[in-house]
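Take a look at the structure set out below.
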Amino acid sequence: MSVTMFGRARGVWSEADYLALSETSVKMELFDGDLVMSPPANLEHQDIACALRNHLVRPARAAGLRAHVDAAVRLGEDRIAIPDVAVIEAVSRQHSVVDAAIVRLVAEVTSRGNLRNDRVRKMNYYAAGGIPHYLLIDRYPALVIRLFRLKDEHFVEEATAVGEQPLRLPAPLDVVIDTAMLLDE
């Protein structure tokens with residue numbers, strides 16, 4: 001197995017190999033034997049993800065859930081994704097990876113270099129993992145928030161917010177977000 005600094009390390013990476021890696025500031029995800037590495041996100045990307053997480057903390061706790069940034073989520077055999085934000089059932093904070101079965105919503109903020117990954121690939125993996133809701137905060141060409149709901153084995157678009165339009169997340173969160181709120185934080 002070889003590891004490159006950023007991009008893909010193709011090979012036969014297993015979950016055990018992945019879990020044996022040390023903590024790092026590089027985002028490392030596992031998809032079907034490939035270790036996919038990304039550099040830290042730019043400041044706008046980080047601000048949006050943190051603003052969303054902060055906005056979800058109270059509604060999540062009121063529902064017995066937790067909102068996390070960069071939580072590792074096991075989507076299936078040899079598939080571990082790290083969404084920008086995940087709302088999960090409360091578990092021990094010692095977990096390094098959580099199972100998709102306890103995840104209620106994942107959110108991804110697009111970056112110029114990962115548009116296809118967030119819009120297609122990760123969306124399909126989250127659907128295959130049975131995640132009930134996918135929130136895509138698409139920054140290109142302008143900020144748009146899209147909420148997808150799992151129907152059968154695929155996501156269907158449930159709501160879209162452009163500009164300062166509100167978008168209501170479903171129960172148990174039942175909270176409104178909009179692009180202005182994400183950019184103001």
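Following the order of the structure tokens, first chain is A, next is B, and so on, with residues numbered from 1 inside each chain and ligands from 1 in the order they appear.
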Backbone DSSP call of alpha helix (DSSP H) for chain A, listed as number ranges by chain: A: 15-19, 43-62, 115-116, 122-128, 179-184
Now that the selection is made, can you save its residues with N, CA and C atoms as a CSV table (one decimal), in the first residue's frame?
chain,number,residue,atom,x,y,z
A,15,GLU,N,-10.7,-1.5,6.3
A,15,GLU,CA,-11.1,-0.7,7.4
A,15,GLU,C,-10.1,-0.8,8.5
A,16,ALA,N,-9.5,-2.0,8.7
A,16,ALA,CA,-8.5,-2.2,9.7
A,16,ALA,C,-7.3,-1.4,9.4
A,17,ASP,N,-6.9,-1.3,8.2
A,17,ASP,CA,-5.7,-0.5,7.8
A,17,ASP,C,-6.0,1.0,8.1
A,18,TYR,N,-7.2,1.4,7.7
A,18,TYR,CA,-7.7,2.8,7.9
A,18,TYR,C,-7.6,3.1,9.4
A,19,LEU,N,-8.2,2.3,10.2
A,19,LEU,CA,-8.3,2.5,11.7
A,19,LEU,C,-6.9,2.5,12.3
A,43,LEU,N,-10.9,28.7,4.5
A,43,LEU,CA,-11.6,29.3,5.7
A,43,LEU,C,-13.1,29.5,5.5
A,44,GLU,N,-13.5,29.9,4.2
A,44,GLU,CA,-15.0,30.0,4.0
A,44,GLU,C,-15.7,28.7,4.2
A,45,HIS,N,-15.1,27.6,3.7
A,45,HIS,CA,-15.7,26.3,3.8
A,45,HIS,C,-15.8,25.9,5.3
A,46,GLN,N,-14.7,26.2,6.1
A,46,GLN,CA,-14.8,25.9,7.5
A,46,GLN,C,-15.8,26.7,8.2
A,47,ASP,N,-15.9,28.0,7.9
A,47,ASP,CA,-16.9,28.9,8.5
A,47,ASP,C,-18.3,28.4,8.3
A,48,ILE,N,-18.6,28.0,7.0
A,48,ILE,CA,-19.9,27.5,6.7
A,48,ILE,C,-20.3,26.2,7.5
A,49,ALA,N,-19.3,25.3,7.5
A,49,ALA,CA,-19.5,24.0,8.2
A,49,ALA,C,-19.7,24.3,9.7
A,50,CYS,N,-18.9,25.2,10.3
A,50,CYS,CA,-19.0,25.5,11.7
A,50,CYS,C,-20.3,26.2,12.0
A,51,ALA,N,-20.7,27.1,11.2
A,51,ALA,CA,-22.0,27.9,11.4
A,51,ALA,C,-23.1,26.9,11.4
A,52,LEU,N,-23.1,26.0,10.4
A,52,LEU,CA,-24.2,25.0,10.3
A,52,LEU,C,-24.2,24.1,11.6
A,53,ARG,N,-23.1,23.6,12.0
A,53,ARG,CA,-23.0,22.8,13.2
A,53,ARG,C,-23.5,23.5,14.4
A,54,ASN,N,-23.0,24.8,14.6
A,54,ASN,CA,-23.4,25.6,15.7
A,54,ASN,C,-24.9,25.8,15.7
A,55,HIS,N,-25.5,26.0,14.6
A,55,HIS,CA,-27.0,26.2,14.5
A,55,HIS,C,-27.8,24.9,14.8
A,56,LEU,N,-27.1,23.8,14.6
A,56,LEU,CA,-27.8,22.5,14.8
A,56,LEU,C,-27.6,22.0,16.3
A,57,VAL,N,-26.7,22.5,17.0
A,57,VAL,CA,-26.4,21.9,18.3
A,57,VAL,C,-27.6,21.8,19.2
A,58,ARG,N,-28.3,22.9,19.5
A,58,ARG,CA,-29.4,22.9,20.4
A,58,ARG,C,-30.6,22.1,19.9
A,59,PRO,N,-31.0,22.2,18.7
A,59,PRO,CA,-32.1,21.4,18.2
A,59,PRO,C,-31.8,19.9,18.3
A,60,ALA,N,-30.5,19.6,17.9
A,60,ALA,CA,-30.1,18.2,18.0
A,60,ALA,C,-30.1,17.7,19.4
A,61,ARG,N,-29.6,18.4,20.4
A,61,ARG,CA,-29.6,18.0,21.8
A,61,ARG,C,-31.0,17.8,22.3
A,62,ALA,N,-31.9,18.7,21.9
A,62,ALA,CA,-33.3,18.7,22.3
A,62,ALA,C,-34.0,17.4,21.8
A,115,LEU,N,-16.3,19.1,-6.3
A,115,LEU,CA,-17.7,19.3,-6.7
A,115,LEU,C,-18.4,18.0,-7.1
A,116,ARG,N,-17.8,17.2,-7.9
A,116,ARG,CA,-18.4,15.9,-8.4
A,116,ARG,C,-18.4,14.9,-7.2
A,122,LYS,N,-20.3,11.0,-3.1
A,122,LYS,CA,-20.6,10.8,-1.7
A,122,LYS,C,-22.1,10.8,-1.4
A,123,MET,N,-22.9,11.5,-2.3
A,123,MET,CA,-24.3,11.4,-2.1
A,123,MET,C,-24.8,10.0,-2.3
A,124,ASN,N,-24.2,9.3,-3.4
A,124,ASN,CA,-24.6,7.9,-3.6
A,124,ASN,C,-24.1,7.0,-2.5
A,125,TYR,N,-23.0,7.2,-1.9
A,125,TYR,CA,-22.5,6.4,-0.8
A,125,TYR,C,-23.3,6.6,0.4
A,126,TYR,N,-23.7,7.8,0.7
A,126,TYR,CA,-24.6,8.1,1.8
A,126,TYR,C,-26.0,7.4,1.7
A,127,ALA,N,-26.5,7.5,0.5
A,127,ALA,CA,-27.8,6.8,0.2
A,127,ALA,C,-27.6,5.3,0.4
A,128,ALA,N,-26.5,4.7,-0.1
A,128,ALA,CA,-26.3,3.3,0.0
A,128,ALA,C,-26.1,2.9,1.5
A,179,THR,N,-29.0,30.8,3.6
A,179,THR,CA,-27.6,31.1,3.2
A,179,THR,C,-27.0,32.3,3.9
A,180,ALA,N,-27.8,33.2,4.3
A,180,ALA,CA,-27.3,34.4,5.0
A,180,ALA,C,-26.8,34.0,6.4
A,181,MET,N,-27.5,33.1,7.0
A,181,MET,CA,-27.1,32.6,8.4
A,181,MET,C,-25.8,31.8,8.2
A,182,LEU,N,-25.6,31.1,7.2
A,182,LEU,CA,-24.4,30.3,7.0
A,182,LEU,C,-23.2,31.2,6.7
A,183,LEU,N,-23.4,32.4,6.1
A,183,LEU,CA,-22.3,33.3,5.7
A,183,LEU,C,-22.0,34.3,6.8
A,184,ASP,N,-23.0,34.5,7.7
A,184,ASP,CA,-22.8,35.5,8.7
A,184,ASP,C,-21.9,35.1,9.8
Smallest atom-to-atom distance to Val162 (chain A): which of A:Glu89, A:Asp118, A:Glu108, A:Asp178, using only C-alpha atoms?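 Looking at the shortest contact to Val162 (chain A), the residue is A:Asp178.
Summary of the local environment: counting only C-alpha atoms, residues at most 12 Å from Ser92 (chain A), other than itself and those fewer than 6 positions away along its chain, are A:Leu65, A:Arg66, A:Val98.
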Go through A:Arg149, A:Arg119, A:Arg104, A:Lys27 and flag the residue nearest Ala72 (chain A), using only C-alpha atoms for the distances.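 Of the candidates, the smallest distance to Ala72 (chain A) is held by A:Lys27.
Distance annotation: of A:Ile131, A:Arg112, A:Leu105, A:Ser96, the residue with the minimal separation from Ala20 (chain A) is A:Ser96; atom set is only C-alpha atoms.
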When DSSP works through the backbone of this structure, what residues of chain A end up as strand (DSSP E or B), shown as JSON, numbers by chain? {"A": [7, 8, 9, 27, 28, 29, 30, 31, 34, 35, 36, 37, 38, 65, 66, 67, 68, 69, 73, 74, 75, 76, 79, 80, 81, 85, 86, 87, 88, 89, 98, 99, 103, 104, 105, 106, 107, 108, 109, 133, 134, 135, 136, 137, 138, 144, 145, 146, 147, 148, 149, 150, 151, 154, 155, 156, 157, 158, 159, 160, 161, 162, 167, 168, 176, 177]}
Find the residues near Asp70 (chain A): any atom within 10 Å, counting only C-alpha atoms, skip ones fewer than 5 places away on the same chain, and give them as an MDAnalysis selection string. chainID A and resid 27 49 81:86 107:108
Take the residues that were just selected and, keeping N, CA and C atoms, output them as a tab-separated table (two decimals), in the first residue's frame.
chain	number	residue	atom	x	y	z
A	27	LYS	N	-7.73	15.20	5.82
A	27	LYS	CA	-8.98	14.45	5.81
A	27	LYS	C	-8.76	13.17	5.00
A	49	ALA	N	-19.32	25.29	7.50
A	49	ALA	CA	-19.54	24.03	8.22
A	49	ALA	C	-19.72	24.29	9.72
A	81	ALA	N	-16.67	7.58	5.38
A	81	ALA	CA	-16.70	8.96	4.90
A	81	ALA	C	-16.59	9.91	6.08
A	82	ILE	N	-16.15	11.11	5.80
A	82	ILE	CA	-16.08	12.15	6.83
A	82	ILE	C	-16.87	13.35	6.32
A	83	PRO	N	-18.17	13.37	6.60
A	83	PRO	CA	-18.96	14.53	6.16
A	83	PRO	C	-18.55	15.78	6.93
A	84	ASP	N	-18.80	16.94	6.34
A	84	ASP	CA	-18.46	18.19	7.02
A	84	ASP	C	-19.24	18.32	8.32
A	85	VAL	N	-20.51	17.93	8.32
A	85	VAL	CA	-21.35	17.95	9.53
A	85	VAL	C	-22.18	16.67	9.53
A	86	ALA	N	-22.32	16.07	10.70
A	86	ALA	CA	-23.17	14.89	10.86
A	86	ALA	C	-24.01	15.06	12.12
A	107	ALA	N	-24.10	16.54	6.12
A	107	ALA	CA	-24.03	17.75	5.30
A	107	ALA	C	-22.63	17.85	4.71
A	108	GLU	N	-22.58	18.24	3.47
A	108	GLU	CA	-21.32	18.50	2.79
A	108	GLU	C	-21.34	19.92	2.24
Hey, can you check how far CA of Arg79 (chain A) sits from CA of Pro141 (chain A)?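 Here the two named atoms are 29.5 Å from each other.
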Between CA of Ala100 (chain A) and CA of Phe155 (chain A), measure the distance and give it in Å to one decimal.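 Interatomic distance, CA of Ala100 (chain A) to CA of Phe155 (chain A): 15.2 Å.
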Within 12 Å of Arg168 (chain A), counting only C-alpha atoms, which residues show up once you throw out same-chain ones fewer than 6 positions away? Write them as a short mmCIF file (atom, residue, chain, number, x, y, z; two decimals) with N, CA and C atoms, in the first residue's frame, please.
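New file out_3.cif:
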data_model
loop_
_atom_site.label_atom_id
_atom_site.label_comp_id
_atom_site.auth_asym_id
_atom_site.auth_seq_id
_atom_site.Cartn_x
_atom_site.Cartn_y
_atom_site.Cartn_z
N LEU A 56 -27.14 23.79 14.61
CA LEU A 56 -27.83 22.52 14.85
C LEU A 56 -27.64 21.96 16.25
N LEU A 135 -27.73 16.99 3.25
CA LEU A 135 -27.79 18.42 3.05
C LEU A 135 -26.55 18.84 2.26
N ILE A 145 -28.53 25.86 -0.98
CA ILE A 145 -28.68 24.77 -0.01
C ILE A 145 -29.72 23.81 -0.57
N ARG A 146 -29.35 22.53 -0.64
CA ARG A 146 -30.29 21.51 -1.13
C ARG A 146 -30.43 20.41 -0.08
N LEU A 147 -31.66 20.08 0.24
CA LEU A 147 -31.95 19.00 1.17
C LEU A 147 -32.50 17.82 0.39
N PHE A 148 -31.88 16.66 0.60
CA PHE A 148 -32.30 15.43 -0.05
C PHE A 148 -32.81 14.47 1.01
N GLU A 158 -35.73 17.33 -1.74
CA GLU A 158 -36.93 17.68 -0.99
C GLU A 158 -37.14 19.19 -0.90
N ALA A 159 -36.05 19.96 -0.81
CA ALA A 159 -36.17 21.41 -0.69
C ALA A 159 -34.88 22.07 -1.17
N THR A 160 -35.02 23.32 -1.62
CA THR A 160 -33.88 24.11 -2.08
C THR A 160 -34.02 25.52 -1.55
N ALA A 161 -32.90 26.11 -1.13
CA ALA A 161 -32.90 27.51 -0.68
C ALA A 161 -31.80 28.26 -1.42
N ASP A 174 -36.18 20.04 13.04
CA ASP A 174 -37.18 21.08 12.88
C ASP A 174 -36.59 22.47 13.10
N VAL A 175 -35.57 22.79 12.32
CA VAL A 175 -34.88 24.07 12.43
C VAL A 175 -34.78 24.68 11.03
N VAL A 176 -34.77 26.01 10.97
CA VAL A 176 -34.67 26.73 9.70
C VAL A 176 -33.24 27.21 9.51
N ILE A 177 -32.73 27.02 8.29
CA ILE A 177 -31.43 27.55 7.92
C ILE A 177 -31.59 28.35 6.64
N ASP A 178 -30.66 29.26 6.39
CA ASP A 178 -30.64 29.97 5.13
C ASP A 178 -29.20 30.36 4.81
#
Polymer residues at most 10 Å from Asp32 (chain A), only C-alpha atoms, same-chain spacing of 4 or more positions, as a PyMOL selection string: chain A and resi 10-15+76-80
Counting only C-alpha atoms, figure out which residue out of A:Val97, A:Ile102, A:Arg139, A:Leu150 gets nearest to Leu30 (chain A). A:Val97
